[in-house]
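Novice: Let me give you the structure first, and then I'll get to my questions.
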Amino acid sequence: MKTSVIGFSRIGRNRELKFASEKFFKGEIQETELQDVAREIRELNLTTQKHAGIDLIASNDFSFYDNVLDTAFLFNIIPQRYKDLGLSELQTYFAAARGYQGEKGNVKALAMKKWFNTNYHYIVPEFEDDTKIQLVGNKPVDEYVEARNLGVETKVQIVGPFTFLKLTKFVGNKKAEDIAETLTAEYGALFSKLSSAGASWIQIDEPYLVRDLDEQDKVLFKKIYGQLLSDKKGLKVLLQTYFGDVRDVYEEITSLDVDAIGLDFLEGIKTLSLLKEKGFPKEKILVAGVVNGKNIWKNSYEKTNGILNEIKTSVNEDNLYIGTSCSLLHVPYTLESETKLPAEYKKHFAFAEEKLVELHELSGLSKETLAANQALFETRVDSVDEDVRQRVAAIKESDYTRLPVFEEREAIQKKALGLPIFPTTTIGSFPQTADVRKNRSDFRKGEISKTEYVEFNRKKIEECIRLQEELGLDVLVHGEFERNDMVEYFGEHLSGYVFTEKAWVLSYGTRCVKPPIIWGDVSRKESITVEWSRFAKSCTDKPVKGMLTGPVTILNWSFPREDITIKESVLQIALAIRDEVLDLEANGINIIQIDEAALREKLPLRKSDWYSEYLDFAIPAFRLVHSGVKAETQIHTHMCYSEFTDIIPAIDSMDADVITFEASRSDLQILDALKENHFKTEVGPGVYDIHSPRVPSVEELVGQLTKIREKTEDSKLWVNPDCGLKTRGEEETVKSLRNLVEAAKIIREKA
Ligand code: GLN
Ligand code: ZN
């Protein structure tokens, strides 16, 4: 069997692209140097895959920021405000991705959203009515030629026109249907260019096909593909889907004039039955996604072989290729960088490079390889904890409900806390400056003592509290200087986790996260955040908010187990965090924020599966965490970068007292939805975007708050940035917060 990889990690084996880009953003290196780093990364990726014996390797899977944004730029779908800056092409691109503030002007970044059900975020293209769609870029061709010059014949990956249109925001009167024909014609122009450059395969990614599609979507899809495939310009086309099954359009897809179809057999719960019931055209190639592109566990060859054998009853073996279930962008680069992970753990994992080996081994599986792989699954050290199992089994229905009810609590808390109207606060972290990171890494390496480490953090906390007092914020935070990451930090203090050193996965732009791995049953070993919060509280008379990560986010941003259910895992974590909540409360912390930044992330892509497959256990798990606190204790939660307008009732039933969320990038649409749903929870819609270094002016913030007030009851409104400040510089943070407090004062006078 032949092998295919949808796309590879692009940040670099040691995150070279991240470091080079950040230098470029600061003006420390020139564009040519950044381009050199990018070229080296692409070269290593291609040669690594070639040496591993992969047959269909992707080019154009590289991006400086995001592939959807690349596609928009390729076709000249660039809002005028970025063009007007008069910057170089790459700088214009970065202005759209990150916002721009400088001598040429001042513009916000485009919106950013979660890429399907992953923790990767794409940039939302914006279409203005007078945009002239035109193939103006050459990136796919350049990267194809570059690969060929390195001796690697690639398939050229491109975001498909249907997915692109479905993800684009139309800011004028035009709709996807109005521009589909023109856009498709320009894809055709790209086909011609690729063909003249000598390319033979194009891989068109259409992950949107795994979502629920209505009649209008199907018409759009058929129209686009009818047009696009009427002249393939001599290219072979691989229509690639991932993140689920294509149950709504299986017949439509299999009857298209494409040469190969990529289907996901892991997350696509119905893929196999579709194939068996409806058959598969015998002249086409099926690229079967059987090696998990999202998780890091070793592939069970026995299981995979079982799937492949079933597929072979419907597909001719010569036409069966095996592939990854999605791009390897979503897993870390290589296990080779893990020098500290003991072998008895390590042997159970496979990162991107190791997945290449798996594909190769699976393509011609020998008895010995199969037996060795099977033996692995029979041994697994320290994964069961009987106490944890019993505690989960003993959870009662009433443990999921906090009493008294919200309305009663709200009144009690207003009285007890005595906050002004429109209370100001932040989301938790303050800038993680070089000294903060150095303190942590020195401690980790054993270069400073625990006392020195703690003293430094205490000094930072005290400064942070002083700063917040001076700025005039109402609810203070300790600043999270002890945390590398909101999930890894908790994982480190819970038993059942294992950690990696370099297992970075791209989250957005150049930002990576290093998800810990849930290895066994989870429990809290000792108090986690209490000492820091207590210390912060001792520095001030103002309320200090305790800061925790919720169970759903901890689970969603970890690599989950595959040997127990997700529901069982999340309840174990919820009990551990519940212990921490009660511990904070017992130590006098009467406002506690439990972040659920990633709540929506694992929401099934199809609506019909939302409650039964996910929300029915995720929301109760959150309630279990805080149901034990007193009425006076105010529970906050925070969510970011996602469209949650459609799960508002579920969010309200998390039964928190206050929720802060990202809103500044998505034009406040969510507020209408809150109103329509009679949202009871108090809200802090982020008034400015912290993902960009731009400082919002007082006028802008007052404007934003005025708009928010039209849609929200004054008594329920909080004022805060849209997320934590850890990635920001100190100077811009102080300026922005000063303006935020000033803006709150101004609107208080109007209230
Ligand atoms: N409390 C976290 C912080 O401030 C929240 C981060 C997040 O939502 N991504 O950094
Ligand atoms: Zn956030």
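In the structure tokens, the first chain shown is A, the next is B, and so on; residue numbers restart at 1 for each chain, and ligands run from 1 in the order shown.
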Around ligand 1, at most 7 Å away and counting only C-alpha atoms and all ligand atoms, which residues are there? Put them as an NGL selection string, please.
Specialist: :A and (427-429 or 486 or 547 or 595 or 597 or 638-640 or 723-726)
Novice: Please provide as a VMD selection string all residues within 12 Å of Gln669 of chain A, with the sequence filter that same-chain residues fewer than 4 positions apart are discarded (counting only C-alpha atoms).
Specialist: chain A and resid 642 to 646 662 to 665 673 to 676 685 707 to 708 711
Novice: Residues at most 12 Å from Gln101 of chain A, counting only C-alpha atoms, excluding those fewer than 2 positions away in the same chain, as a list in words?
Specialist: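 After dropping sequence-adjacent residues, the list is Phe25, Tyr82, Leu85, Gln91, Thr92, Phe94, Ala95, Ala96, Arg98, Gly99, Glu103, Lys104, Gly105, Asn106, Val107, Lys108, Ala109, Ser692, Pro693, Arg694, Val695, Pro696 and Glu732 of chain A.
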Novice: Give me a file of those residues, with N, CA and C atoms, as a PDB file, in the first residue's frame.
Specialist:
```pdb
ATOM      1  N   PHE A  25       9.221  40.425  13.998  1.00  0.00           N
ATOM      2  CA  PHE A  25       8.198  41.368  14.477  1.00  0.00           C
ATOM      3  C   PHE A  25       8.833  42.506  15.267  1.00  0.00           C
ATOM      4  N   TYR A  82      -6.009  47.082   5.219  1.00  0.00           N
ATOM      5  CA  TYR A  82      -4.632  46.578   5.326  1.00  0.00           C
ATOM      6  C   TYR A  82      -3.808  47.011   4.120  1.00  0.00           C
ATOM      7  N   LEU A  85      -2.321  50.530   4.232  1.00  0.00           N
ATOM      8  CA  LEU A  85      -1.143  50.824   5.057  1.00  0.00           C
ATOM      9  C   LEU A  85       0.096  51.040   4.190  1.00  0.00           C
ATOM     10  N   GLN A  91       4.534  42.191   5.228  1.00  0.00           N
ATOM     11  CA  GLN A  91       4.106  43.042   6.347  1.00  0.00           C
ATOM     12  C   GLN A  91       2.595  43.275   6.324  1.00  0.00           C
ATOM     13  N   THR A  92       2.028  43.366   5.136  1.00  0.00           N
ATOM     14  CA  THR A  92       0.567  43.526   5.023  1.00  0.00           C
ATOM     15  C   THR A  92      -0.113  42.274   5.582  1.00  0.00           C
ATOM     16  N   PHE A  94       1.105  40.202   7.789  1.00  0.00           N
ATOM     17  CA  PHE A  94       1.194  40.178   9.249  1.00  0.00           C
ATOM     18  C   PHE A  94       0.270  41.227   9.887  1.00  0.00           C
ATOM     19  N   ALA A  95       0.051  42.326   9.191  1.00  0.00           N
ATOM     20  CA  ALA A  95      -0.868  43.337   9.730  1.00  0.00           C
ATOM     21  C   ALA A  95      -2.275  42.753   9.838  1.00  0.00           C
ATOM     22  N   ALA A  96      -2.686  41.982   8.824  1.00  0.00           N
ATOM     23  CA  ALA A  96      -4.009  41.364   8.857  1.00  0.00           C
ATOM     24  C   ALA A  96      -4.076  40.292   9.947  1.00  0.00           C
ATOM     25  N   ARG A  98      -2.107  40.112  12.772  1.00  0.00           N
ATOM     26  CA  ARG A  98      -1.791  40.514  14.148  1.00  0.00           C
ATOM     27  C   ARG A  98      -2.205  41.938  14.485  1.00  0.00           C
ATOM     28  N   GLY A  99      -2.696  42.673  13.505  1.00  0.00           N
ATOM     29  CA  GLY A  99      -2.993  44.087  13.742  1.00  0.00           C
ATOM     30  C   GLY A  99      -1.732  44.894  13.497  1.00  0.00           C
ATOM     31  N   GLU A 103       3.855  53.888  12.269  1.00  0.00           N
ATOM     32  CA  GLU A 103       3.811  55.167  11.543  1.00  0.00           C
ATOM     33  C   GLU A 103       2.845  55.162  10.358  1.00  0.00           C
ATOM     34  N   LYS A 104       2.535  53.955   9.838  1.00  0.00           N
ATOM     35  CA  LYS A 104       1.651  53.904   8.669  1.00  0.00           C
ATOM     36  C   LYS A 104       0.164  53.873   9.035  1.00  0.00           C
ATOM     37  N   GLY A 105      -0.142  53.701  10.315  1.00  0.00           N
ATOM     38  CA  GLY A 105      -1.554  53.659  10.689  1.00  0.00           C
ATOM     39  C   GLY A 105      -1.808  52.800  11.906  1.00  0.00           C
ATOM     40  N   ASN A 106      -3.080  52.501  12.085  1.00  0.00           N
ATOM     41  CA  ASN A 106      -3.487  51.811  13.296  1.00  0.00           C
ATOM     42  C   ASN A 106      -4.714  50.967  12.966  1.00  0.00           C
ATOM     43  N   VAL A 107      -4.519  49.653  12.813  1.00  0.00           N
ATOM     44  CA  VAL A 107      -5.663  48.792  12.479  1.00  0.00           C
ATOM     45  C   VAL A 107      -5.645  47.522  13.315  1.00  0.00           C
ATOM     46  N   LYS A 108      -6.840  47.042  13.591  1.00  0.00           N
ATOM     47  CA  LYS A 108      -6.985  45.794  14.345  1.00  0.00           C
ATOM     48  C   LYS A 108      -6.726  44.607  13.434  1.00  0.00           C
ATOM     49  N   ALA A 109      -6.428  43.476  14.046  1.00  0.00           N
ATOM     50  CA  ALA A 109      -6.238  42.237  13.287  1.00  0.00           C
ATOM     51  C   ALA A 109      -7.589  41.693  12.837  1.00  0.00           C
ATOM     52  N   SER A 692      -2.989  41.377  20.295  1.00  0.00           N
ATOM     53  CA  SER A 692      -2.251  42.318  19.479  1.00  0.00           C
ATOM     54  C   SER A 692      -1.644  43.368  20.406  1.00  0.00           C
ATOM     55  N   PRO A 693      -0.480  43.897  20.066  1.00  0.00           N
ATOM     56  CA  PRO A 693       0.191  44.859  20.944  1.00  0.00           C
ATOM     57  C   PRO A 693      -0.437  46.255  20.935  1.00  0.00           C
ATOM     58  N   ARG A 694      -1.442  46.440  20.110  1.00  0.00           N
ATOM     59  CA  ARG A 694      -2.060  47.740  19.952  1.00  0.00           C
ATOM     60  C   ARG A 694      -2.716  48.223  21.250  1.00  0.00           C
ATOM     61  N   VAL A 695      -2.530  49.519  21.564  1.00  0.00           N
ATOM     62  CA  VAL A 695      -3.161  50.093  22.758  1.00  0.00           C
ATOM     63  C   VAL A 695      -4.476  50.766  22.364  1.00  0.00           C
ATOM     64  N   PRO A 696      -5.605  50.321  22.921  1.00  0.00           N
ATOM     65  CA  PRO A 696      -6.881  50.955  22.566  1.00  0.00           C
ATOM     66  C   PRO A 696      -6.999  52.302  23.279  1.00  0.00           C
ATOM     67  N   GLU A 732       2.693  48.299  26.979  1.00  0.00           N
ATOM     68  CA  GLU A 732       1.373  48.364  26.333  1.00  0.00           C
ATOM     69  C   GLU A 732       0.262  47.913  27.294  1.00  0.00           C
TER      70      GLU A 732
END
```
Novice: Could you tell me, as a VMD selection string, which residues of segment 306-372 of chain A DSSP assigns to strand (DSSP E or B) when given the backbone?
Specialist: chain A and resid 320 to 324 349
